[in-house]
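**Student:** Here you go, this is final-v6.tsv (TSV, N, CA, C and O atoms).
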```tsv
chain	number	residue	atom	x	y	z
A	1	MET	N	18.24	0.22	-10.86
A	1	MET	CA	18.40	1.12	-9.73
A	1	MET	C	18.24	0.34	-8.43
A	1	MET	O	17.22	-0.33	-8.23
A	2	PRO	N	19.22	0.38	-7.54
A	2	PRO	CA	19.13	-0.35	-6.27
A	2	PRO	C	18.07	0.26	-5.35
A	2	PRO	O	17.83	1.45	-5.37
A	3	VAL	N	17.44	-0.59	-4.59
A	3	VAL	CA	16.43	-0.17	-3.62
A	3	VAL	C	17.09	-0.14	-2.25
A	3	VAL	O	17.70	-1.12	-1.84
A	4	GLU	N	16.97	1.00	-1.58
A	4	GLU	CA	17.59	1.16	-0.26
A	4	GLU	C	16.51	1.44	0.79
A	4	GLU	O	15.51	2.11	0.50
A	5	PRO	N	16.71	1.01	2.03
A	5	PRO	CA	15.77	1.33	3.10
A	5	PRO	C	15.72	2.85	3.32
A	5	PRO	O	16.74	3.53	3.21
A	6	LEU	N	14.53	3.34	3.59
A	6	LEU	CA	14.38	4.76	3.89
A	6	LEU	C	14.65	5.01	5.38
A	6	LEU	O	14.26	4.21	6.23
A	7	PRO	N	15.29	6.15	5.70
A	7	PRO	CA	15.48	6.50	7.11
A	7	PRO	C	14.12	6.78	7.77
A	7	PRO	O	13.16	7.18	7.10
A	8	GLN	N	14.05	6.60	9.06
A	8	GLN	CA	12.81	6.78	9.83
A	8	GLN	C	12.17	8.15	9.56
A	8	GLN	O	10.96	8.23	9.33
A	9	LYS	N	12.94	9.20	9.57
A	9	LYS	CA	12.42	10.56	9.34
A	9	LYS	C	11.79	10.66	7.95
A	9	LYS	O	10.72	11.27	7.78
A	10	GLU	N	12.42	10.07	6.97
A	10	GLU	CA	11.91	10.08	5.60
A	10	GLU	C	10.57	9.33	5.53
A	10	GLU	O	9.63	9.78	4.86
A	11	ILE	N	10.47	8.21	6.21
A	11	ILE	CA	9.22	7.45	6.24
A	11	ILE	C	8.12	8.30	6.86
A	11	ILE	O	7.01	8.39	6.32
A	12	GLU	N	8.43	8.95	7.97
A	12	GLU	CA	7.44	9.80	8.64
A	12	GLU	C	6.99	10.94	7.73
A	12	GLU	O	5.79	11.26	7.68
A	13	ASP	N	7.92	11.55	7.01
A	13	ASP	CA	7.57	12.63	6.08
A	13	ASP	C	6.67	12.12	4.97
A	13	ASP	O	5.71	12.77	4.58
A	14	ARG	N	6.97	10.95	4.43
A	14	ARG	CA	6.16	10.37	3.35
A	14	ARG	C	4.77	10.00	3.85
A	14	ARG	O	3.78	10.16	3.14
A	15	LEU	N	4.68	9.50	5.07
A	15	LEU	CA	3.37	9.13	5.63
A	15	LEU	C	2.47	10.35	5.82
A	15	LEU	O	1.25	10.24	5.72
A	16	ALA	N	3.07	11.51	6.06
A	16	ALA	CA	2.28	12.73	6.20
A	16	ALA	C	1.52	13.04	4.91
A	16	ALA	O	0.48	13.71	4.94
A	17	GLU	N	2.03	12.54	3.79
A	17	GLU	CA	1.39	12.76	2.49
A	17	GLU	C	0.41	11.64	2.13
A	17	GLU	O	-0.19	11.67	1.06
A	18	LEU	N	0.27	10.65	3.00
A	18	LEU	CA	-0.58	9.49	2.74
A	18	LEU	C	-1.57	9.29	3.90
A	18	LEU	O	-1.36	8.44	4.76
A	19	PRO	N	-2.64	10.06	3.91
A	19	PRO	CA	-3.61	9.94	5.01
A	19	PRO	C	-4.14	8.50	5.12
A	19	PRO	O	-4.42	7.85	4.12
A	20	GLY	N	-4.25	8.04	6.35
A	20	GLY	CA	-4.77	6.70	6.60
A	20	GLY	C	-3.70	5.62	6.65
A	20	GLY	O	-3.93	4.55	7.17
A	21	TRP	N	-2.53	5.90	6.08
A	21	TRP	CA	-1.42	4.95	6.11
A	21	TRP	C	-0.64	5.15	7.40
A	21	TRP	O	-0.55	6.26	7.92
A	22	SER	N	-0.08	4.07	7.93
A	22	SER	CA	0.71	4.17	9.16
A	22	SER	C	1.91	3.22	9.07
A	22	SER	O	1.93	2.31	8.24
A	23	LEU	N	2.85	3.46	9.94
A	23	LEU	CA	4.00	2.57	10.07
A	23	LEU	C	3.67	1.58	11.18
A	23	LEU	O	3.43	1.95	12.32
A	24	ASP	N	3.61	0.32	10.80
A	24	ASP	CA	3.27	-0.75	11.73
A	24	ASP	C	4.49	-1.65	11.84
A	24	ASP	O	4.70	-2.55	11.02
A	25	GLY	N	5.35	-1.37	12.80
A	25	GLY	CA	6.62	-2.10	12.91
A	25	GLY	C	7.54	-1.72	11.78
A	25	GLY	O	7.92	-0.55	11.66
A	26	ASP	N	7.82	-2.66	10.90
A	26	ASP	CA	8.73	-2.40	9.79
A	26	ASP	C	8.01	-2.34	8.45
A	26	ASP	O	8.59	-2.58	7.41
A	27	ARG	N	6.72	-2.03	8.49
A	27	ARG	CA	5.96	-2.00	7.24
A	27	ARG	C	4.90	-0.90	7.26
A	27	ARG	O	4.45	-0.49	8.33
A	28	LEU	N	4.52	-0.45	6.07
A	28	LEU	CA	3.43	0.49	5.92
A	28	LEU	C	2.14	-0.30	5.90
A	28	LEU	O	2.09	-1.41	5.35
A	29	SER	N	1.07	0.24	6.47
A	29	SER	CA	-0.19	-0.49	6.46
A	29	SER	C	-1.36	0.47	6.29
A	29	SER	O	-1.29	1.65	6.63
A	30	ARG	N	-2.44	-0.09	5.74
A	30	ARG	CA	-3.66	0.69	5.51
A	30	ARG	C	-4.80	-0.27	5.29
A	30	ARG	O	-4.64	-1.32	4.67
A	31	SER	N	-5.96	0.08	5.82
A	31	SER	CA	-7.19	-0.67	5.57
A	31	SER	C	-8.21	0.28	4.96
A	31	SER	O	-8.26	1.46	5.30
A	32	TYR	N	-9.02	-0.26	4.07
A	32	TYR	CA	-10.08	0.50	3.41
A	32	TYR	C	-11.40	-0.21	3.63
A	32	TYR	O	-11.45	-1.44	3.64
A	33	ARG	N	-12.45	0.58	3.75
A	33	ARG	CA	-13.81	0.03	3.82
A	33	ARG	C	-14.53	0.44	2.54
A	33	ARG	O	-14.45	1.59	2.13
A	34	LEU	N	-15.23	-0.52	1.95
A	34	LEU	CA	-15.97	-0.27	0.73
A	34	LEU	C	-17.44	-0.60	0.96
A	34	LEU	O	-17.80	-1.19	1.97
A	35	GLY	N	-18.28	-0.24	-0.01
A	35	GLY	CA	-19.72	-0.42	0.15
A	35	GLY	C	-20.20	-1.85	0.10
A	35	GLY	O	-21.19	-2.19	0.76
A	36	THR	N	-19.52	-2.69	-0.67
A	36	THR	CA	-19.97	-4.07	-0.84
A	36	THR	C	-18.77	-5.00	-0.98
A	36	THR	O	-17.64	-4.55	-1.20
A	37	HIS	N	-19.05	-6.27	-0.90
A	37	HIS	CA	-18.00	-7.27	-1.10
A	37	HIS	C	-17.49	-7.22	-2.54
A	37	HIS	O	-16.28	-7.32	-2.77
A	38	LEU	N	-18.39	-7.04	-3.48
A	38	LEU	CA	-17.98	-6.96	-4.88
A	38	LEU	C	-17.06	-5.76	-5.13
A	38	LEU	O	-16.06	-5.87	-5.84
A	39	ALA	N	-17.36	-4.63	-4.51
A	39	ALA	CA	-16.50	-3.44	-4.64
A	39	ALA	C	-15.13	-3.70	-4.05
A	39	ALA	O	-14.11	-3.30	-4.63
A	40	ALA	N	-15.09	-4.37	-2.92
A	40	ALA	CA	-13.80	-4.70	-2.29
A	40	ALA	C	-13.00	-5.66	-3.17
A	40	ALA	O	-11.79	-5.50	-3.35
A	41	THR	N	-13.69	-6.63	-3.75
A	41	THR	CA	-13.01	-7.59	-4.63
A	41	THR	C	-12.45	-6.89	-5.86
A	41	THR	O	-11.31	-7.17	-6.27
A	42	ALA	N	-13.21	-5.98	-6.44
A	42	ALA	CA	-12.73	-5.23	-7.60
A	42	ALA	C	-11.49	-4.42	-7.25
A	42	ALA	O	-10.53	-4.35	-8.03
A	43	MET	N	-11.49	-3.82	-6.07
A	43	MET	CA	-10.32	-3.05	-5.66
A	43	MET	C	-9.10	-3.95	-5.50
A	43	MET	O	-7.99	-3.56	-5.89
A	44	VAL	N	-9.29	-5.13	-4.95
A	44	VAL	CA	-8.17	-6.08	-4.81
A	44	VAL	C	-7.58	-6.41	-6.17
A	44	VAL	O	-6.36	-6.46	-6.34
A	45	VAL	N	-8.43	-6.64	-7.16
A	45	VAL	CA	-7.95	-6.94	-8.51
A	45	VAL	C	-7.13	-5.78	-9.06
A	45	VAL	O	-6.06	-5.98	-9.62
A	46	HIS	N	-7.60	-4.56	-8.86
A	46	HIS	CA	-6.86	-3.39	-9.34
A	46	HIS	C	-5.54	-3.22	-8.60
A	46	HIS	O	-4.53	-2.85	-9.21
A	47	ILE	N	-5.53	-3.48	-7.31
A	47	ILE	CA	-4.27	-3.41	-6.56
A	47	ILE	C	-3.29	-4.44	-7.10
A	47	ILE	O	-2.11	-4.16	-7.29
A	48	ALA	N	-3.78	-5.65	-7.38
A	48	ALA	CA	-2.91	-6.70	-7.93
A	48	ALA	C	-2.31	-6.26	-9.26
A	48	ALA	O	-1.14	-6.55	-9.55
A	49	GLN	N	-3.08	-5.56	-10.07
A	49	GLN	CA	-2.56	-5.06	-11.34
A	49	GLN	C	-1.45	-4.04	-11.12
A	49	GLN	O	-0.42	-4.07	-11.80
A	50	VAL	N	-1.63	-3.16	-10.16
A	50	VAL	CA	-0.59	-2.17	-9.83
A	50	VAL	C	0.65	-2.87	-9.31
A	50	VAL	O	1.79	-2.53	-9.68
A	51	GLN	N	0.47	-3.88	-8.46
A	51	GLN	CA	1.60	-4.63	-7.94
A	51	GLN	C	2.39	-5.28	-9.09
A	51	GLN	O	3.62	-5.27	-9.08
A	52	GLU	N	1.70	-5.83	-10.04
A	52	GLU	CA	2.37	-6.44	-11.20
A	52	GLU	C	3.15	-5.40	-11.99
A	52	GLU	O	4.28	-5.64	-12.40
A	53	GLU	N	2.53	-4.24	-12.22
A	53	GLU	CA	3.20	-3.16	-12.97
A	53	GLU	C	4.50	-2.74	-12.29
A	53	GLU	O	5.50	-2.47	-12.95
A	54	LEU	N	4.46	-2.67	-10.96
A	54	LEU	CA	5.65	-2.25	-10.20
A	54	LEU	C	6.60	-3.41	-9.92
A	54	LEU	O	7.74	-3.18	-9.50
A	55	GLY	N	6.14	-4.64	-10.11
A	55	GLY	CA	6.96	-5.79	-9.74
A	55	GLY	C	7.18	-5.83	-8.24
A	55	GLY	O	8.24	-6.23	-7.76
A	56	HIS	N	6.16	-5.41	-7.49
A	56	HIS	CA	6.28	-5.29	-6.04
A	56	HIS	C	4.98	-5.76	-5.42
A	56	HIS	O	3.94	-5.13	-5.58
A	57	HIS	N	5.02	-6.87	-4.70
A	57	HIS	CA	3.81	-7.52	-4.22
A	57	HIS	C	3.74	-7.44	-2.70
A	57	HIS	O	4.61	-7.96	-2.01
A	58	SER	N	2.69	-6.79	-2.21
A	58	SER	CA	2.49	-6.63	-0.78
A	58	SER	C	1.56	-7.72	-0.26
A	58	SER	O	0.95	-8.46	-1.04
A	59	ASP	N	1.43	-7.78	1.05
A	59	ASP	CA	0.42	-8.64	1.65
A	59	ASP	C	-0.91	-7.92	1.49
A	59	ASP	O	-1.05	-6.74	1.85
A	60	LEU	N	-1.89	-8.61	0.95
A	60	LEU	CA	-3.17	-8.02	0.60
A	60	LEU	C	-4.27	-8.93	1.14
A	60	LEU	O	-4.27	-10.13	0.87
A	61	THR	N	-5.19	-8.35	1.92
A	61	THR	CA	-6.24	-9.14	2.54
A	61	THR	C	-7.61	-8.60	2.14
A	61	THR	O	-7.85	-7.39	2.21
A	62	LEU	N	-8.48	-9.50	1.73
A	62	LEU	CA	-9.85	-9.16	1.36
A	62	LEU	C	-10.78	-9.65	2.44
A	62	LEU	O	-10.77	-10.83	2.80
A	63	GLY	N	-11.58	-8.74	2.98
A	63	GLY	CA	-12.65	-9.11	3.90
A	63	GLY	C	-13.98	-8.91	3.21
A	63	GLY	O	-14.03	-8.65	2.00
A	64	TYR	N	-15.07	-9.01	3.95
A	64	TYR	CA	-16.39	-8.88	3.32
A	64	TYR	C	-16.49	-7.58	2.53
A	64	TYR	O	-16.82	-7.57	1.35
A	65	ASN	N	-16.21	-6.46	3.18
A	65	ASN	CA	-16.23	-5.17	2.49
A	65	ASN	C	-14.99	-4.35	2.86
A	65	ASN	O	-15.04	-3.13	2.90
A	66	THR	N	-13.90	-5.05	3.14
A	66	THR	CA	-12.66	-4.37	3.50
A	66	THR	C	-11.48	-4.91	2.68
A	66	THR	O	-11.48	-6.07	2.25
A	67	VAL	N	-10.51	-4.04	2.51
A	67	VAL	CA	-9.26	-4.39	1.86
A	67	VAL	C	-8.15	-3.86	2.76
A	67	VAL	O	-8.18	-2.69	3.15
A	68	SER	N	-7.19	-4.71	3.10
A	68	SER	CA	-6.07	-4.29	3.94
A	68	SER	C	-4.76	-4.66	3.26
A	68	SER	O	-4.66	-5.71	2.62
A	69	LEU	N	-3.77	-3.78	3.41
A	69	LEU	CA	-2.44	-4.01	2.86
A	69	LEU	C	-1.39	-3.79	3.92
A	69	LEU	O	-1.54	-2.92	4.78
A	70	THR	N	-0.34	-4.57	3.85
A	70	THR	CA	0.89	-4.29	4.58
A	70	THR	C	2.01	-4.35	3.55
A	70	THR	O	2.05	-5.27	2.72
A	71	VAL	N	2.88	-3.35	3.58
A	71	VAL	CA	3.85	-3.17	2.51
A	71	VAL	C	5.25	-2.97	3.09
A	71	VAL	O	5.45	-2.11	3.94
A	72	ASN	N	6.19	-3.79	2.62
A	72	ASN	CA	7.62	-3.58	2.88
A	72	ASN	C	8.39	-4.29	1.78
A	72	ASN	O	7.80	-4.97	0.95
A	73	THR	N	9.69	-4.10	1.76
A	73	THR	CA	10.50	-4.66	0.68
A	73	THR	C	11.35	-5.81	1.22
A	73	THR	O	12.29	-5.59	1.99
A	74	HIS	N	10.99	-7.02	0.83
A	74	HIS	CA	11.68	-8.22	1.33
A	74	HIS	C	13.14	-8.26	0.92
A	74	HIS	O	13.98	-8.76	1.67
A	75	SER	N	13.47	-7.72	-0.25
A	75	SER	CA	14.85	-7.83	-0.76
A	75	SER	C	15.85	-6.98	0.04
A	75	SER	O	17.05	-7.15	-0.14
A	76	VAL	N	15.36	-6.10	0.91
A	76	VAL	CA	16.26	-5.33	1.77
A	76	VAL	C	15.97	-5.64	3.24
A	76	VAL	O	16.05	-4.78	4.11
A	77	GLY	N	15.60	-6.88	3.49
A	77	GLY	CA	15.40	-7.32	4.86
A	77	GLY	C	14.08	-6.90	5.47
A	77	GLY	O	13.95	-6.86	6.69
A	78	GLY	N	13.10	-6.56	4.65
A	78	GLY	CA	11.79	-6.19	5.17
A	78	GLY	C	11.68	-4.74	5.57
A	78	GLY	O	10.74	-4.38	6.28
A	79	ALA	N	12.58	-3.89	5.13
A	79	ALA	CA	12.53	-2.46	5.45
A	79	ALA	C	11.57	-1.75	4.50
A	79	ALA	O	11.18	-2.27	3.47
A	80	VAL	N	11.21	-0.52	4.86
A	80	VAL	CA	10.39	0.34	4.01
A	80	VAL	C	11.32	1.08	3.04
A	80	VAL	O	12.33	1.64	3.45
A	81	THR	N	10.95	1.05	1.76
A	81	THR	CA	11.73	1.70	0.71
A	81	THR	C	10.84	2.64	-0.10
A	81	THR	O	9.62	2.68	0.08
A	82	GLU	N	11.47	3.35	-1.03
A	82	GLU	CA	10.73	4.23	-1.92
A	82	GLU	C	9.70	3.43	-2.73
A	82	GLU	O	8.62	3.94	-3.05
A	83	LEU	N	10.00	2.21	-3.05
A	83	LEU	CA	9.07	1.36	-3.79
A	83	LEU	C	7.78	1.13	-3.00
A	83	LEU	O	6.69	1.12	-3.57
A	84	ASP	N	7.89	0.98	-1.71
A	84	ASP	CA	6.71	0.82	-0.86
A	84	ASP	C	5.86	2.08	-0.86
A	84	ASP	O	4.64	2.02	-0.93
A	85	VAL	N	6.52	3.22	-0.78
A	85	VAL	CA	5.81	4.50	-0.80
A	85	VAL	C	5.11	4.69	-2.15
A	85	VAL	O	3.95	5.12	-2.20
A	86	GLU	N	5.77	4.33	-3.23
A	86	GLU	CA	5.18	4.43	-4.56
A	86	GLU	C	3.95	3.54	-4.67
A	86	GLU	O	2.91	3.96	-5.21
A	87	LEU	N	4.02	2.32	-4.17
A	87	LEU	CA	2.87	1.43	-4.19
A	87	LEU	C	1.73	2.04	-3.37
A	87	LEU	O	0.58	2.05	-3.81
A	88	ALA	N	2.03	2.55	-2.20
A	88	ALA	CA	1.01	3.17	-1.35
A	88	ALA	C	0.34	4.34	-2.07
A	88	ALA	O	-0.89	4.48	-2.03
A	89	ARG	N	1.11	5.17	-2.74
A	89	ARG	CA	0.54	6.31	-3.49
A	89	ARG	C	-0.41	5.81	-4.59
A	89	ARG	O	-1.48	6.36	-4.79
A	90	LYS	N	0.02	4.82	-5.32
A	90	LYS	CA	-0.81	4.30	-6.42
A	90	LYS	C	-2.09	3.65	-5.88
A	90	LYS	O	-3.16	3.82	-6.45
A	91	VAL	N	-1.99	2.93	-4.79
A	91	VAL	CA	-3.17	2.31	-4.19
A	91	VAL	C	-4.11	3.40	-3.68
A	91	VAL	O	-5.33	3.33	-3.87
A	92	GLU	N	-3.56	4.43	-3.07
A	92	GLU	CA	-4.39	5.53	-2.56
A	92	GLU	C	-5.15	6.19	-3.71
A	92	GLU	O	-6.34	6.50	-3.58
A	93	ALA	N	-4.51	6.39	-4.83
A	93	ALA	CA	-5.15	7.01	-5.99
A	93	ALA	C	-6.28	6.14	-6.53
A	93	ALA	O	-7.36	6.65	-6.85
A	94	LEU	N	-6.07	4.85	-6.61
A	94	LEU	CA	-7.14	4.00	-7.15
A	94	LEU	C	-8.25	3.79	-6.14
A	94	LEU	O	-9.41	3.59	-6.51
A	95	ALA	N	-7.96	3.91	-4.85
A	95	ALA	CA	-8.99	3.76	-3.82
A	95	ALA	C	-10.07	4.82	-3.97
A	95	ALA	O	-11.25	4.54	-3.75
A	96	VAL	N	-9.68	6.01	-4.37
A	96	VAL	CA	-10.63	7.08	-4.58
A	96	VAL	C	-11.66	6.68	-5.63
A	96	VAL	O	-12.86	6.86	-5.45
A	97	GLY	N	-11.18	6.11	-6.74
A	97	GLY	CA	-12.07	5.67	-7.80
A	97	GLY	C	-13.01	4.55	-7.40
A	97	GLY	O	-14.07	4.36	-8.01
A	98	HIS	N	-12.65	3.81	-6.36
A	98	HIS	CA	-13.49	2.72	-5.88
A	98	HIS	C	-14.41	3.17	-4.75
A	98	HIS	O	-15.20	2.37	-4.23
A	99	GLY	N	-14.30	4.43	-4.35
A	99	GLY	CA	-15.13	4.93	-3.26
A	99	GLY	C	-14.75	4.38	-1.90
A	99	GLY	O	-15.56	4.34	-0.98
A	100	ALA	N	-13.49	3.95	-1.78
A	100	ALA	CA	-13.03	3.37	-0.51
A	100	ALA	C	-12.81	4.45	0.54
A	100	ALA	O	-12.44	5.57	0.23
A	101	GLN	N	-13.06	4.08	1.77
A	101	GLN	CA	-12.84	5.01	2.89
A	101	GLN	C	-11.87	4.40	3.87
A	101	GLN	O	-11.78	3.26	4.06
```
Could you write out this file's structure as structure tokens?

**Tutor:**
Amino acid sequence: MPVEPLPQKEIEDRLAELPGWSLDGDRLSRSYRLGTHLAATAMVVHIAQVQEELGHHSDLTLGYNTVSLTVNTHSVGGAVTELDVELARKVEALAVGHGAQ
């Protein structure tokens, strides 16, 4: 199935369903705060597993107790696609289990 860039209105509608996520230029972004460095590291590992499952790898940054992502699809010139939204949804779901805020 080909991946196509989402129209601006579609991105805005999808972001309404993803609290904390925003459109930062041509990519979706979100930062999470966790209780400890170990909790943040565990979340990064789980995000990496989701990225592997989807075959879609975002920029992922680990801080002391923070995890930040920026997501876009390089194969369509760095635009936001349905694949990016799917990754954001999956990350949001696992963030709950990690107690991320």

**Student:** Can you pull out every residue within 9 Å of Thr41 (chain A), counting only C-alpha atoms, but drop anything in the same chain fewer than 6 positions away, and send it as a count of residues only?

**Tutor:** 6

**Student:** Select, from A:Lys9, A:Ala16, A:Leu28, A:Ala48, the residue with the minimum atom-to-atom distance to Val80 (chain A), counting only N, CA, C and O atoms.

**Tutor:**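 Nearest candidate to Val80 (chain A) out of A:Lys9, A:Ala16, A:Leu28, A:Ala48: A:Leu28.
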
**Student:** Any idea what's packed within 4.5 Å of Thr81 (chain A), counting only N, CA, C and O atoms, ignoring anything in its chain fewer than 4 positions away? Could you give it as a ChimeraX atom specification?

**Tutor:** /A:4,6,85

**Student:** Please measure the separation of CA of His57 (chain A) and CA of Leu83 (chain A), giving the value in Å to one decimal.

**Tutor:**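 We find that CA of His57 (chain A) and CA of Leu83 (chain A) lie 10.3 Å from each other.
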
**Student:** Which of these, A:Gln8, A:Gln101, A:Ser68, A:Thr73, has the shortest distance to Arg27 (chain A) once you count only N, CA, C and O atoms?

**Tutor:**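 The answer is A:Thr73, which sits nearest to Arg27 (chain A).
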
**Student:** When distances are computed from all atoms listed in the file, which of A:Ala39, A:Glu82, A:Leu87, A:Thr70 shows the smallest separation from Gln51 (chain A)?

**Tutor:**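 Closest residue, counting all atoms listed in the file: A:Leu87.
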
**Student:** Would you work out the distance separating CA of Arg89 (chain A) from CA of Gly35 (chain A), expressed in Å to one decimal?

**Tutor:** 21.7 Å

**Student:** Any idea what the distance is between CA of Leu38 (chain A) and CA of Leu94 (chain A)?

**Tutor:**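 Between these atoms lies a distance of 15.6 Å.
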
**Student:** Enumerate as a count of residues only all residues of region 24-57 of chain A assigned to strand (DSSP E) by DSSP on the backbone, naming them with the chain letters and numbers the document uses.

**Tutor:** 8

**Student:** Apply DSSP to the structure's backbone, then extract all residues of region 17-100 of chain A labelled alpha helix (DSSP H) and return them as a PyMOL selection string.

**Tutor:** chain A and resi 37-54+82-97

**Student:** Nearest to Asp26 (chain A): which of A:Gly97, A:Glu92, A:Leu54, A:Ala79 is it, counting only N, CA, C and O atoms?

**Tutor:**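 Comparing A:Gly97, A:Glu92, A:Leu54, A:Ala79 against Asp26 (chain A), the winner is A:Ala79.
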
**Student:** Considering only C-alpha atoms, state which residue in the set A:Leu18, A:Leu60, A:Ile11, A:Leu23 is at the smallest distance from Ala40 (chain A).

**Tutor:** A:Leu60
